[in-house]
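Since the structure comes first, as structure tokens, the remarks are kept for the end.
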Amino acid sequence: MAELPDDVRALFAGANFAHVATVAPDGAPHSVPVWVGLEGDLIAFFTQPASPKARNLEADPRVAVSITDHDAPYRMAQVRGRVVERLEGEPALVIADRLATRYTGRPFPMRSGVAFLVEPERVFSMNLPFEHTPA
């Protein structure tokens, strides 16, 4: 397991959107934005069991996660790893509520789903020297 440096932990502790990439059955990549958080040293995200990412992870636990700082989008991290735990029921809803509250200020409104916990294997981060001033 790769250790998450403090700058990367800070990205996952904030209300920053991440993209989770999984491998589809035909080998194609599948990427989707998600809310993320940390459960100890593991990266957590929540989804519905019938979603493509959930189905992909049931067949192949490899995952890549990219995340950018909402307020400073040139500060970013990439993490590759594997799903090491899948939670259902109340343990999954505890994670969903924690994430939803951080991102929206309210508990997760739907009371079903699964949470995936990812063990980091490779971690990379950078902070590019640009100012975000779109025209």
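Scheme for the structure tokens: letters A, B, ... for chains in order shown; per-chain residue numbers from 1; ligand numbers from 1 in order shown.
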
* **Contact residues around Thr47 (chain A) with only C-alpha atoms at 7 Å, ignoring same-chain residues under 6 positions, as an NGL selection string** => :A and (113-115)

* Asked: Glu58 (chain A): which residues within 12 Å, counting only C-alpha atoms, same-chain residues fewer than 2 positions away excluded, as a PyMOL selection string?
  -> chain A and resi 22-25+49-56+60-63+82-86+114+116

Output file for the residues above (N, CA and C atoms, as a PDB file, in the first residue's frame):
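The file below, part-v7.pdb, is the result:
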```
ATOM      1  N   THR A  22     -12.553   2.960 -14.070  1.00  0.00           N
ATOM      2  CA  THR A  22     -12.577   1.511 -13.916  1.00  0.00           C
ATOM      3  C   THR A  22     -12.370   0.876 -15.289  1.00  0.00           C
ATOM      4  N   VAL A  23     -12.241  -0.442 -15.284  1.00  0.00           N
ATOM      5  CA  VAL A  23     -12.041  -1.181 -16.527  1.00  0.00           C
ATOM      6  C   VAL A  23     -13.327  -1.935 -16.849  1.00  0.00           C
ATOM      7  N   ALA A  24     -13.907  -1.637 -18.018  1.00  0.00           N
ATOM      8  CA  ALA A  24     -15.130  -2.302 -18.453  1.00  0.00           C
ATOM      9  C   ALA A  24     -14.815  -3.733 -18.901  1.00  0.00           C
ATOM     10  N   PRO A  25     -15.835  -4.585 -19.014  1.00  0.00           N
ATOM     11  CA  PRO A  25     -15.606  -5.975 -19.414  1.00  0.00           C
ATOM     12  C   PRO A  25     -14.869  -6.136 -20.751  1.00  0.00           C
ATOM     13  N   PRO A  49     -25.469  -0.097  -6.771  1.00  0.00           N
ATOM     14  CA  PRO A  49     -24.905  -1.387  -7.168  1.00  0.00           C
ATOM     15  C   PRO A  49     -25.045  -1.703  -8.655  1.00  0.00           C
ATOM     16  N   ALA A  50     -26.028  -1.132  -9.328  1.00  0.00           N
ATOM     17  CA  ALA A  50     -26.224  -1.417 -10.753  1.00  0.00           C
ATOM     18  C   ALA A  50     -25.460  -0.454 -11.655  1.00  0.00           C
ATOM     19  N   SER A  51     -24.720   0.502 -11.075  1.00  0.00           N
ATOM     20  CA  SER A  51     -23.977   1.467 -11.898  1.00  0.00           C
ATOM     21  C   SER A  51     -22.857   0.759 -12.658  1.00  0.00           C
ATOM     22  N   PRO A  52     -22.464   1.297 -13.800  1.00  0.00           N
ATOM     23  CA  PRO A  52     -21.356   0.683 -14.538  1.00  0.00           C
ATOM     24  C   PRO A  52     -20.080   0.557 -13.698  1.00  0.00           C
ATOM     25  N   LYS A  53     -19.752   1.591 -12.905  1.00  0.00           N
ATOM     26  CA  LYS A  53     -18.515   1.494 -12.116  1.00  0.00           C
ATOM     27  C   LYS A  53     -18.597   0.370 -11.095  1.00  0.00           C
ATOM     28  N   ALA A  54     -19.761   0.179 -10.463  1.00  0.00           N
ATOM     29  CA  ALA A  54     -19.913  -0.908  -9.491  1.00  0.00           C
ATOM     30  C   ALA A  54     -19.792  -2.262 -10.180  1.00  0.00           C
ATOM     31  N   ARG A  55     -20.450  -2.406 -11.318  1.00  0.00           N
ATOM     32  CA  ARG A  55     -20.366  -3.675 -12.051  1.00  0.00           C
ATOM     33  C   ARG A  55     -18.930  -3.932 -12.515  1.00  0.00           C
ATOM     34  N   ASN A  56     -18.269  -2.898 -13.005  1.00  0.00           N
ATOM     35  CA  ASN A  56     -16.876  -3.062 -13.449  1.00  0.00           C
ATOM     36  C   ASN A  56     -15.982  -3.489 -12.299  1.00  0.00           C
ATOM     37  N   ASP A  60     -13.333  -6.508 -11.851  1.00  0.00           N
ATOM     38  CA  ASP A  60     -11.921  -6.131 -11.859  1.00  0.00           C
ATOM     39  C   ASP A  60     -11.733  -5.010 -10.846  1.00  0.00           C
ATOM     40  N   PRO A  61     -11.040  -5.265  -9.740  1.00  0.00           N
ATOM     41  CA  PRO A  61     -10.961  -4.284  -8.661  1.00  0.00           C
ATOM     42  C   PRO A  61      -9.996  -3.119  -8.912  1.00  0.00           C
ATOM     43  N   ARG A  62      -9.323  -3.099 -10.048  1.00  0.00           N
ATOM     44  CA  ARG A  62      -8.378  -2.015 -10.318  1.00  0.00           C
ATOM     45  C   ARG A  62      -9.122  -0.707 -10.564  1.00  0.00           C
ATOM     46  N   VAL A  63      -8.569   0.375 -10.046  1.00  0.00           N
ATOM     47  CA  VAL A  63      -9.207   1.682 -10.161  1.00  0.00           C
ATOM     48  C   VAL A  63      -8.136   2.764 -10.209  1.00  0.00           C
ATOM     49  N   ARG A  82      -6.557  -0.581  -5.772  1.00  0.00           N
ATOM     50  CA  ARG A  82      -7.511  -1.680  -5.899  1.00  0.00           C
ATOM     51  C   ARG A  82      -8.573  -1.552  -4.824  1.00  0.00           C
ATOM     52  N   VAL A  83      -9.784  -1.919  -5.179  1.00  0.00           N
ATOM     53  CA  VAL A  83     -10.849  -1.992  -4.183  1.00  0.00           C
ATOM     54  C   VAL A  83     -10.523  -3.158  -3.256  1.00  0.00           C
ATOM     55  N   VAL A  84     -10.492  -2.864  -1.960  1.00  0.00           N
ATOM     56  CA  VAL A  84     -10.209  -3.900  -0.970  1.00  0.00           C
ATOM     57  C   VAL A  84     -11.417  -4.208  -0.101  1.00  0.00           C
ATOM     58  N   GLU A  85     -12.446  -3.363  -0.206  1.00  0.00           N
ATOM     59  CA  GLU A  85     -13.649  -3.632   0.576  1.00  0.00           C
ATOM     60  C   GLU A  85     -14.857  -3.000  -0.103  1.00  0.00           C
ATOM     61  N   ARG A  86     -15.962  -3.723  -0.056  1.00  0.00           N
ATOM     62  CA  ARG A  86     -17.256  -3.256  -0.569  1.00  0.00           C
ATOM     63  C   ARG A  86     -18.219  -3.314   0.596  1.00  0.00           C
ATOM     64  N   VAL A 114     -23.888   1.229  -2.346  1.00  0.00           N
ATOM     65  CA  VAL A 114     -22.692   0.525  -1.897  1.00  0.00           C
ATOM     66  C   VAL A 114     -21.541   1.524  -1.816  1.00  0.00           C
ATOM     67  N   PHE A 116     -17.308   1.740  -1.809  1.00  0.00           N
ATOM     68  CA  PHE A 116     -16.086   1.025  -2.156  1.00  0.00           C
ATOM     69  C   PHE A 116     -14.920   1.698  -1.459  1.00  0.00           C
TER      70      PHE A 116
END
```

* Report the residues of chain A whose backbone DSSP state falls under strand (DSSP E), written as a PyMOL selection string. => chain A and resi 18-23+29-34+37-39+42-47+62-68+75-87+114-127

* Structure fact -> Of A:Leu42, A:Ala72, A:Ala21, A:Leu87, the one nearest to Asn127 (chain A) when counting only C-alpha atoms is A:Ala72

* To do: Identify, on the basis of only C-alpha atoms, every residue whose closest approach to Gly89 (chain A) does not exceed 9 Å; exclude the query and any residue fewer than 3 positions from it along the same chain; express the result as a ChimeraX atom specification.
  => /A:92-94,111-114

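Closest to Val79 (chain A) among A:Leu38, A:Val123, A:Val20, A:Leu57 is A:Val123, based on only C-alpha atoms.
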
* Asked: What's the 10 Å shell around Asp41 (chain A), counting only C-alpha atoms, without same-chain residues fewer than 4 positions away, as an MDAnalysis selection string?
  -> chainID A and resid 1:4 9 117:120

* Using the chain letters and numbers from this document, which residues of chain A does DSSP assign to alpha helix (DSSP H), as JSON, numbers by chain? -> {"A": [6, 7, 8, 9, 10, 11, 12, 13, 52, 53, 54, 55, 56, 57, 58, 59, 89, 90, 91, 92, 93, 94, 95, 96, 97, 98, 99, 100, 101, 102, 103, 104]}

Output C-alpha atoms for every residue in that selection, as a PDB file, in the first residue's frame.
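What ended up in again.pdb:
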```
ATOM      1  CA  ASP A   6      -0.419  15.167   3.453  1.00  0.00           C
ATOM      2  CA  ASP A   7      -1.109  17.270   0.330  1.00  0.00           C
ATOM      3  CA  VAL A   8      -3.029  14.373  -1.243  1.00  0.00           C
ATOM      4  CA  ARG A   9      -4.893  13.599   1.987  1.00  0.00           C
ATOM      5  CA  ALA A  10      -5.963  17.264   2.072  1.00  0.00           C
ATOM      6  CA  LEU A  11      -7.463  16.967  -1.420  1.00  0.00           C
ATOM      7  CA  PHE A  12      -9.502  13.924  -0.380  1.00  0.00           C
ATOM      8  CA  ALA A  13     -10.550  15.602   2.875  1.00  0.00           C
ATOM      9  CA  PRO A  52     -21.356   0.683 -14.538  1.00  0.00           C
ATOM     10  CA  LYS A  53     -18.515   1.494 -12.116  1.00  0.00           C
ATOM     11  CA  ALA A  54     -19.913  -0.908  -9.491  1.00  0.00           C
ATOM     12  CA  ARG A  55     -20.366  -3.675 -12.051  1.00  0.00           C
ATOM     13  CA  ASN A  56     -16.876  -3.062 -13.449  1.00  0.00           C
ATOM     14  CA  LEU A  57     -15.320  -3.201  -9.977  1.00  0.00           C
ATOM     15  CA  GLU A  58     -17.062  -6.485  -9.193  1.00  0.00           C
ATOM     16  CA  ALA A  59     -15.230  -8.017 -12.155  1.00  0.00           C
ATOM     17  CA  GLY A  89     -26.384  -1.471   4.226  1.00  0.00           C
ATOM     18  CA  GLU A  90     -25.837   0.831   7.192  1.00  0.00           C
ATOM     19  CA  PRO A  91     -21.994   0.905   6.951  1.00  0.00           C
ATOM     20  CA  ALA A  92     -22.291   2.124   3.340  1.00  0.00           C
ATOM     21  CA  LEU A  93     -24.927   4.708   4.275  1.00  0.00           C
ATOM     22  CA  VAL A  94     -22.690   6.106   7.022  1.00  0.00           C
ATOM     23  CA  ILE A  95     -20.083   6.826   4.339  1.00  0.00           C
ATOM     24  CA  ALA A  96     -22.718   8.176   1.925  1.00  0.00           C
ATOM     25  CA  ASP A  97     -24.074  10.537   4.579  1.00  0.00           C
ATOM     26  CA  ARG A  98     -20.579  11.729   5.505  1.00  0.00           C
ATOM     27  CA  LEU A  99     -19.785  12.468   1.851  1.00  0.00           C
ATOM     28  CA  ALA A 100     -23.142  14.074   1.062  1.00  0.00           C
ATOM     29  CA  THR A 101     -22.924  16.309   4.109  1.00  0.00           C
ATOM     30  CA  ARG A 102     -19.469  17.496   3.104  1.00  0.00           C
ATOM     31  CA  TYR A 103     -20.530  18.239  -0.484  1.00  0.00           C
ATOM     32  CA  THR A 104     -24.137  19.404  -0.020  1.00  0.00           C
TER      33      THR A 104
END
```

Exercise: Phe17 (chain A) partners within 8 Å, only C-alpha atoms, chain neighbours under 4 positions left out, as an mmCIF file with C-alpha atoms, in the first residue's frame:
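File part-v9.cif, as written:
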```
data_model
loop_
_atom_site.group_PDB
_atom_site.id
_atom_site.type_symbol
_atom_site.label_atom_id
_atom_site.label_comp_id
_atom_site.auth_asym_id
_atom_site.auth_seq_id
_atom_site.Cartn_x
_atom_site.Cartn_y
_atom_site.Cartn_z
ATOM 1 C CA PRO A 33 -17.042 12.068 -11.440
ATOM 2 C CA VAL A 34 -17.719 11.154 -7.814
ATOM 3 C CA TRP A 35 -17.672 12.459 -4.277
ATOM 4 C CA VAL A 36 -14.724 10.994 -2.401
ATOM 5 C CA ILE A 67 -8.776 14.727 -8.073
ATOM 6 C CA THR A 68 -8.357 18.480 -8.355
ATOM 7 C CA ASP A 69 -8.663 21.204 -5.760
ATOM 8 C CA HIS A 70 -12.025 22.955 -6.220
#
```

* Shortest interatomic distance to Gly105 (chain A) - which of A:Ala44, A:Val65, A:Ala77, A:Ala15, counting only C-alpha atoms ->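 Answer, going by the shortest atom-to-atom distance: A:Ala15.
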
* **Closest of A:Leu128, A:Pro134, A:His19, A:Gly14 to Arg75 (chain A) - atom-to-atom distances counting only C-alpha atoms** =>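 The closest residue to Arg75 (chain A) is A:Leu128.
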
* Asked: Interatomic distance between CA of Pro73 (chain A) and CA of His132 (chain A)?
  ->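 One can read the CA of Pro73 (chain A) to CA of His132 (chain A) distance as 7.1 Å.
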